[in-house]
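The block underneath contains the structure these notes are about, expressed in C-alpha cells.
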Amino acid sequence: SSSSSSSSSSQPYYLNHVRGSTRIRHASQRLAAAVGTLFASYLLCSYSSSSLLTLSDIGLHVSSFQQVLIDFGCGFGVGSCIVLLMFACEWRMGWIRIVGFWENVVKEEVFWINFGWDVLFHLGVSFNEEVMLRGWMFTLGCHGLLTFEQFRSYHPSTAANIAITSSILLQSTLFAFLHISSPGSSAISLLNLFLGGIAASLNVMVAPGGSLWLGMGWHFGWNISMGHVLGRSTSGIPMSCKVVSVIPRPIAVSS
C-alpha cells in the first residue's frame with residue numbers, strides 16, 4: 001500500500017502508460033475502424049439508391065491530392081500550435097515542470113517504432129471520429145432538422161441557422177459522452193470535449209466546400225502533440241513513449 005500511495009503522490013494527474021506492443025494492437029484496431037468507416041461511407045454515398053448524400057456532402061471530396069494535404073497540413077498546424085501555446089503558458093506560469101525527453105515506458109523498446117504506432121493510432125481516431133460525427137451526424141442533422149414541419153414557418157436563412165446550431169450542439173454532446181468512460185474522465189474533461197466538438201464543427205464550416213480534411217488535421221495535431229509530443233493526458237489514451245516528460249507543480253503534502 002505504501003508503494004501505491006507513493007505513486008499517487010508523485011503522479012497526481014492521470015497518465016495511462018503501456019508497453020509498445022499494446023499500442024500496436026490499439027493502432028491496428030483504430031486503423032481498421034477508420035478504413036471501415038471510409039469504405040462504408042463510400043458504399044452508402046455511391047451505391048445506395050436511397051441515399052441523397054454524396055461524398056462531397058459529408059466533406060470527403062477530393063479535388064486533388066495536393067489540396068487534401070494542404071487542408072490536412074493547415075489543420076495539423078493550427079491544432080498543434082494551440083496545444084503548444086497552452087503548454088508554453090503552463091510552463092511559464094510554473095504549473096508544470098519538464099523532467100525528461102525522448103522517454104519510453106519500457107526502456108528496452110525503440111522510441112521511433114513506438115511513436116510511429118502512436119501516429120497511426122491517432123490518424124485512425126481522427127479519420128473515424130471526424131467522418132462519423134462531423135461528416136455524417138452534423139450533415140444529416142442539418143438536413144433532417146430542416147424537414148421538420150416547425151421549420152417551414154421560419155425564413156429559410158433563419159431555419160438553416162437554427163438547424164446548424166442544433167446539429168452542432170447535438171453532435172458535440174455525443175462527442176463528449178463518447179468519452180465518458182475514458183480513463184481519467186471528469187466533468188471538466190467532458191466540458192472541454194463538448195467545446196472541442198463545437199470547434200470541430202466550425203472547422204467544417206470554415207473549410208473550403210465543407211471539407212473534413214482540415215478538421216482531421218486539427219484533430220490529429222491536437223491529440224498527437226498533447227499526448228505523445230508534450231506528455232499530457234489526452235482522454236486517457238494510453239502512451240508508450242513521449243518526446244517531453246512533465247510533472248505538475250509540486251504540491252505540499254503533510255506528513
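For the C-alpha cells, the naming scheme is as follows: chains receive sequential letters (A, B, ...) according to their order of presentation, residues are indexed from 1 within each chain, and ligands are indexed from 1 in presentation order.
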Quick one: contact table of region 160-188 of chain A to region 200-216 of chain A, 10 Å max, nearest atom pair and distance in Å to one decimal per residue, counting only C-alpha atoms, chain and number order, as JSON lines?
```
{"residue": "A:Ile164", "atom": "CA", "partner": "A:Ser201", "partner_atom": "CA", "distance": 9.5}
{"residue": "A:Thr165", "atom": "CA", "partner": "A:Ser201", "partner_atom": "CA", "distance": 9.8}
{"residue": "A:Ser167", "atom": "CA", "partner": "A:Ser201", "partner_atom": "CA", "distance": 9.2}
{"residue": "A:Ile168", "atom": "CA", "partner": "A:Ser201", "partner_atom": "CA", "distance": 6.3}
{"residue": "A:Leu169", "atom": "CA", "partner": "A:Ser201", "partner_atom": "CA", "distance": 9.4}
{"residue": "A:Gln171", "atom": "CA", "partner": "A:Ser201", "partner_atom": "CA", "distance": 8.7}
{"residue": "A:Ser172", "atom": "CA", "partner": "A:Ser201", "partner_atom": "CA", "distance": 8.3}
```
Filtering to C-alpha atoms, could you give me those residues as a tab-separated table (two decimals), in the first residue's frame?
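Okay, again-v7.tsv is ready:
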```tsv
chain	number	residue	atom	x	y	z
A	164	ILE	CA	-26.94	24.24	-37.94
A	165	THR	CA	-26.79	25.40	-34.31
A	167	SER	CA	-26.86	19.96	-35.06
A	168	ILE	CA	-23.63	21.37	-33.66
A	169	LEU	CA	-24.91	21.07	-30.09
A	171	GLN	CA	-23.03	16.15	-32.16
A	172	SER	CA	-20.86	17.99	-29.60
```
Q. Counting only C-alpha atoms, what is within 12 Å of Leu140 (chain A), bar same-chain residues fewer than 2 positions away, as a ChimeraX atom specification?
A. /A:51-54,57-59,131-138,142-147,163-164,166-168,170-171
Which residues come within 9 Å of Cys81 (chain A), counting only C-alpha atoms, excluding same-chain residues fewer than 4 positions away, as an mmCIF file with N, CA and C atoms, in the first residue's frame?
```cif
data_model
loop_
_atom_site.group_PDB
_atom_site.id
_atom_site.type_symbol
_atom_site.label_atom_id
_atom_site.label_comp_id
_atom_site.auth_asym_id
_atom_site.auth_seq_id
_atom_site.Cartn_x
_atom_site.Cartn_y
_atom_site.Cartn_z
ATOM 1 N N PHE A 76 -3.480 20.509 -39.064
ATOM 2 C CA PHE A 76 -2.458 19.983 -38.156
ATOM 3 C C PHE A 76 -1.671 21.117 -37.515
ATOM 4 N N GLY A 77 -1.319 22.107 -38.314
ATOM 5 C CA GLY A 77 -0.557 23.230 -37.790
ATOM 6 C C GLY A 77 -1.333 24.017 -36.748
ATOM 7 N N LEU A 85 0.941 26.424 -27.487
ATOM 8 C CA LEU A 85 0.742 27.691 -26.774
ATOM 9 C C LEU A 85 0.265 27.442 -25.353
ATOM 10 N N MET A 86 -0.698 26.513 -25.180
ATOM 11 C CA MET A 86 -1.173 26.190 -23.832
ATOM 12 C C MET A 86 -0.043 25.621 -22.984
ATOM 13 N N GLY A 221 -3.452 16.759 -35.040
ATOM 14 C CA GLY A 221 -2.395 17.596 -34.485
ATOM 15 C C GLY A 221 -2.584 17.836 -32.995
ATOM 16 N N TRP A 222 -3.832 18.062 -32.587
ATOM 17 C CA TRP A 222 -4.142 18.276 -31.166
ATOM 18 C C TRP A 222 -3.766 17.050 -30.340
ATOM 19 N N SER A 225 0.152 15.998 -30.477
ATOM 20 C CA SER A 225 1.007 16.993 -29.829
ATOM 21 C C SER A 225 0.816 16.990 -28.318
#
```
Q) When you draw a straight line from CA of His219 (chain A) to CA of Gly75 (chain A), how long is it in Å? A)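 CA of Gly75 (chain A) lies at a distance of 7.7 Å from CA of His219 (chain A).
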**Q.** All residues 8 Å or closer to region 98-103 of chain A, only C-alpha atoms, same chain fewer than 4 positions away omitted, as a list of chain:residue names
**A.**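 Answer for this query is A:Lys107, A:Phe111, A:Cys241, A:Lys242, A:Val243, A:Val244, A:Ser245, A:Val246, A:Ile247.
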Q: Quick one: pull the distance between CA of Leu44 (chain A) and CA of Glu129 (chain A), Å, one decimal.
A: 17.4 Å
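Minimum atom-to-atom distances from A:Ser153, A:Ser189, A:His61, A:Gly227 to Cys45 (chain A) were compared using only C-alpha atoms, and the lowest value belongs to A:His61.
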Q: Have a look at A:Ser63, A:Asn161, A:Ser233, A:Gln150 and name the one nearest to Ser182 (chain A); count only C-alpha atoms.
A: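 Nearest to Ser182 (chain A): A:Ser233.
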Q) Which neighbours of Val106 (chain A) fall inside 8 Å, counting only C-alpha atoms, when residues of the same chain fewer than 4 positions from it are skipped, and could you give them as a list in words? A)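 Listing them by chain and then by number gives Arg19, Gly20 and Ser240 of chain A.
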Q.
What's around Ser235 (chain A) at 10 Å? Count only C-alpha atoms, leave out sequence neighbours fewer than 2 positions away in its own chain, and write the answer as number ranges by chain.
A. A: 14-16, 179-186, 189-190, 193, 223, 227, 232-233, 237-238
Q.
Excluding His26 (chain A) and its own-chain neighbours fewer than 2 positions away, which residues fall within 9 Å of it when counting only C-alpha atoms? Please give them as a list in words.
A.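 Residues meeting the cut-off are Ser21, Thr22, Arg23, Ile24, Ser28, Gln29, Arg30, Leu31, Trp117, Asp118, Phe121 and Pro238 of chain A.
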Kindly save the residues from that selection, with N, CA and C atoms included, as a PDB file, in the first residue's frame.
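To be explicit, this is the file written out as again00.pdb:
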```pdb
ATOM      1  N   SER A  21       4.019  -2.859 -27.436  1.00  0.00           N
ATOM      2  CA  SER A  21       3.282  -3.943 -28.084  1.00  0.00           C
ATOM      3  C   SER A  21       1.775  -3.764 -27.914  1.00  0.00           C
ATOM      4  N   THR A  22       1.363  -3.175 -26.797  1.00  0.00           N
ATOM      5  CA  THR A  22      -0.055  -2.899 -26.592  1.00  0.00           C
ATOM      6  C   THR A  22      -0.541  -1.831 -27.552  1.00  0.00           C
ATOM      7  N   ARG A  23       0.297  -0.848 -27.832  1.00  0.00           N
ATOM      8  CA  ARG A  23      -0.074   0.224 -28.755  1.00  0.00           C
ATOM      9  C   ARG A  23      -0.207  -0.279 -30.195  1.00  0.00           C
ATOM     10  N   ILE A  24       0.550  -1.319 -30.533  1.00  0.00           N
ATOM     11  CA  ILE A  24       0.408  -1.912 -31.870  1.00  0.00           C
ATOM     12  C   ILE A  24      -1.013  -2.435 -32.042  1.00  0.00           C
ATOM     13  N   SER A  28      -3.832  -0.852 -34.627  1.00  0.00           N
ATOM     14  CA  SER A  28      -4.430  -1.725 -35.646  1.00  0.00           C
ATOM     15  C   SER A  28      -5.951  -1.661 -35.581  1.00  0.00           C
ATOM     16  N   GLN A  29      -6.497  -1.661 -34.365  1.00  0.00           N
ATOM     17  CA  GLN A  29      -7.946  -1.583 -34.195  1.00  0.00           C
ATOM     18  C   GLN A  29      -8.500  -0.252 -34.706  1.00  0.00           C
ATOM     19  N   ARG A  30      -7.828   0.837 -34.383  1.00  0.00           N
ATOM     20  CA  ARG A  30      -8.293   2.158 -34.808  1.00  0.00           C
ATOM     21  C   ARG A  30      -8.196   2.338 -36.323  1.00  0.00           C
ATOM     22  N   LEU A  31      -7.103   1.846 -36.897  1.00  0.00           N
ATOM     23  CA  LEU A  31      -6.955   1.953 -38.347  1.00  0.00           C
ATOM     24  C   LEU A  31      -8.021   1.128 -39.061  1.00  0.00           C
ATOM     25  N   TRP A 117       3.668   3.967 -34.191  1.00  0.00           N
ATOM     26  CA  TRP A 117       2.372   3.337 -33.931  1.00  0.00           C
ATOM     27  C   TRP A 117       1.394   4.322 -33.302  1.00  0.00           C
ATOM     28  N   ASP A 118       1.907   5.235 -32.460  1.00  0.00           N
ATOM     29  CA  ASP A 118       1.043   6.262 -31.882  1.00  0.00           C
ATOM     30  C   ASP A 118       0.510   7.194 -32.967  1.00  0.00           C
ATOM     31  N   PHE A 121      -2.211   5.363 -34.723  1.00  0.00           N
ATOM     32  CA  PHE A 121      -3.387   5.300 -33.848  1.00  0.00           C
ATOM     33  C   PHE A 121      -4.202   6.586 -33.963  1.00  0.00           C
ATOM     34  N   PRO A 238      -3.784   5.601 -23.918  1.00  0.00           N
ATOM     35  CA  PRO A 238      -2.506   5.025 -23.479  1.00  0.00           C
ATOM     36  C   PRO A 238      -1.335   5.584 -24.284  1.00  0.00           C
TER      37      PRO A 238
END
```
(Q) I need the residues in region 12-206 of chain A that are alpha helix (DSSP H) according to DSSP; give them as a PyMOL selection string. (A) chain A and resi 20-47+65-92+111-129+138-145+156-177+187-206
Those same residues, written as a compact mmCIF listing (two decimals), in the first residue's frame with C-alpha atoms?
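Saved file out_38.txt follows:
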```
# COMPACT_ATOMS: atom_id res chain seq x y z
CA GLY A 20 4.66 -0.54 -27.13
CA SER A 21 3.28 -3.94 -28.08
CA THR A 22 -0.05 -2.90 -26.59
CA ARG A 23 -0.07 0.22 -28.75
CA ILE A 24 0.41 -1.91 -31.87
CA ARG A 25 -2.88 -3.65 -31.09
CA HIS A 26 -4.62 -0.34 -30.33
CA ALA A 27 -3.37 1.27 -33.54
CA SER A 28 -4.43 -1.72 -35.65
CA GLN A 29 -7.95 -1.58 -34.20
CA ARG A 30 -8.29 2.16 -34.81
CA LEU A 31 -6.95 1.95 -38.35
CA ALA A 32 -9.33 -0.91 -39.14
CA ALA A 33 -12.25 1.12 -37.76
CA ALA A 34 -11.23 4.14 -39.85
CA VAL A 35 -10.91 2.09 -43.04
CA GLY A 36 -14.31 0.52 -42.34
CA THR A 37 -15.91 3.94 -41.79
CA LEU A 38 -14.44 5.36 -45.00
CA PHE A 39 -15.41 2.28 -47.02
CA ALA A 40 -18.95 2.23 -45.62
CA SER A 41 -19.30 5.95 -46.41
CA TYR A 42 -18.15 5.31 -49.98
CA LEU A 43 -20.67 2.49 -50.44
CA LEU A 44 -23.56 4.45 -48.91
CA CYS A 45 -22.88 7.55 -50.99
CA SER A 46 -22.08 5.76 -54.25
CA TYR A 47 -24.33 2.70 -54.44
CA PHE A 65 -4.40 15.05 -53.54
CA GLN A 66 -2.33 18.20 -53.13
CA GLN A 67 -5.32 20.14 -51.79
CA VAL A 68 -6.08 17.34 -49.30
CA LEU A 69 -2.51 17.56 -47.99
CA ILE A 70 -2.72 21.36 -47.77
CA ASP A 71 -6.02 21.25 -45.84
CA PHE A 72 -4.80 18.48 -43.55
CA GLY A 73 -1.48 20.25 -43.01
CA CYS A 74 -3.17 23.56 -42.16
CA GLY A 75 -5.43 21.82 -39.65
CA PHE A 76 -2.46 19.98 -38.16
CA GLY A 77 -0.56 23.23 -37.79
CA VAL A 78 -3.44 25.03 -36.09
CA GLY A 79 -4.20 22.16 -33.69
CA SER A 80 -0.53 21.67 -32.78
CA CYS A 81 0.13 25.37 -32.28
CA ILE A 82 -2.86 25.77 -29.92
CA VAL A 83 -1.57 22.89 -27.78
CA LEU A 84 1.99 24.26 -27.87
CA LEU A 85 0.74 27.69 -26.77
CA MET A 86 -1.17 26.19 -23.83
CA PHE A 87 1.89 24.14 -22.87
CA ALA A 88 4.13 27.22 -23.01
CA CYS A 89 1.73 29.19 -20.82
CA GLU A 90 1.56 26.37 -18.24
CA TRP A 91 5.35 26.08 -18.20
CA ARG A 92 5.86 29.84 -17.97
CA PHE A 111 11.32 5.11 -29.36
CA TRP A 112 10.59 5.81 -33.03
CA ILE A 113 8.78 2.49 -33.55
CA ASN A 114 6.53 3.24 -30.60
CA PHE A 115 5.98 6.80 -31.76
CA GLY A 116 5.13 5.58 -35.27
CA TRP A 117 2.37 3.34 -33.93
CA ASP A 118 1.04 6.26 -31.88
CA VAL A 119 0.90 8.37 -35.06
CA LEU A 120 -1.07 5.64 -36.85
CA PHE A 121 -3.39 5.30 -33.85
CA HIS A 122 -4.26 8.99 -33.85
CA LEU A 123 -4.69 9.09 -37.62
CA GLY A 124 -7.26 6.32 -37.22
CA VAL A 125 -9.01 8.15 -34.37
CA SER A 126 -9.13 11.43 -36.29
CA PHE A 127 -10.49 9.91 -39.50
CA ASN A 128 -13.06 7.76 -37.74
CA GLU A 129 -14.47 10.41 -35.38
CA PHE A 138 -23.51 17.05 -38.45
CA THR A 139 -24.59 16.95 -42.11
CA LEU A 140 -27.54 14.61 -41.62
CA GLY A 141 -28.56 16.56 -38.54
CA CYS A 142 -28.82 19.76 -40.56
CA HIS A 143 -30.71 18.02 -43.39
CA GLY A 144 -33.03 16.16 -41.02
CA LEU A 145 -33.95 19.13 -38.85
CA PRO A 156 -35.11 29.89 -44.95
CA SER A 157 -31.97 31.56 -43.58
CA THR A 158 -33.36 31.51 -40.03
CA ALA A 159 -34.35 27.86 -40.34
CA ALA A 160 -30.87 27.00 -41.65
CA ASN A 161 -29.16 28.80 -38.76
CA ILE A 162 -31.33 27.03 -36.18
CA ALA A 163 -30.69 23.65 -37.83
CA ILE A 164 -26.94 24.24 -37.94
CA THR A 165 -26.79 25.40 -34.31
CA SER A 166 -28.92 22.48 -33.10
CA SER A 167 -26.86 19.96 -35.06
CA ILE A 168 -23.63 21.37 -33.66
CA LEU A 169 -24.91 21.07 -30.09
CA LEU A 170 -26.22 17.53 -30.64
CA GLN A 171 -23.03 16.15 -32.16
CA SER A 172 -20.86 17.99 -29.60
CA THR A 173 -22.87 16.42 -26.79
CA LEU A 174 -22.47 12.98 -28.32
CA PHE A 175 -18.75 13.62 -28.85
CA ALA A 176 -18.35 14.36 -25.15
CA PHE A 177 -20.42 11.36 -23.99
CA ALA A 187 -16.81 16.77 -15.56
CA ILE A 188 -14.19 19.30 -16.68
CA SER A 189 -12.78 16.98 -19.34
CA LEU A 190 -16.28 16.33 -20.70
CA LEU A 191 -16.93 20.08 -20.87
CA ASN A 192 -13.66 20.52 -22.74
CA LEU A 193 -14.68 17.78 -25.18
CA PHE A 194 -18.07 19.44 -25.70
CA LEU A 195 -16.32 22.70 -26.56
CA GLY A 196 -13.92 20.74 -28.77
CA GLY A 197 -16.90 19.31 -30.65
CA ILE A 198 -18.17 22.83 -31.29
CA ALA A 199 -14.74 23.93 -32.53
CA ALA A 200 -14.54 20.86 -34.79
CA SER A 201 -17.90 21.75 -36.34
CA LEU A 202 -16.64 25.26 -37.01
CA ASN A 203 -13.63 23.71 -38.74
CA VAL A 204 -16.01 22.09 -41.22
CA MET A 205 -17.91 25.32 -41.73
CA VAL A 206 -14.82 27.42 -42.48
```
Q: Going by DSSP on the backbone, which bits of region 129-251 of chain A are strand (DSSP E or B)? Write them as a PyMOL selection string, please.
A: chain A and resi 239+241-248
Q. Using only C-alpha atoms, which of the listed residues (A:Arg152, A:Glu108, A:Ser64, A:Gly231) sits closest to Pro248 (chain A)?
A.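 Looking at the shortest contact to Pro248 (chain A), the residue is A:Gly231.
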(Q) Using Å and a single decimal, report how far CA of Gly217 (chain A) sits from CA of Leu60 (chain A). (A) 13.3 Å
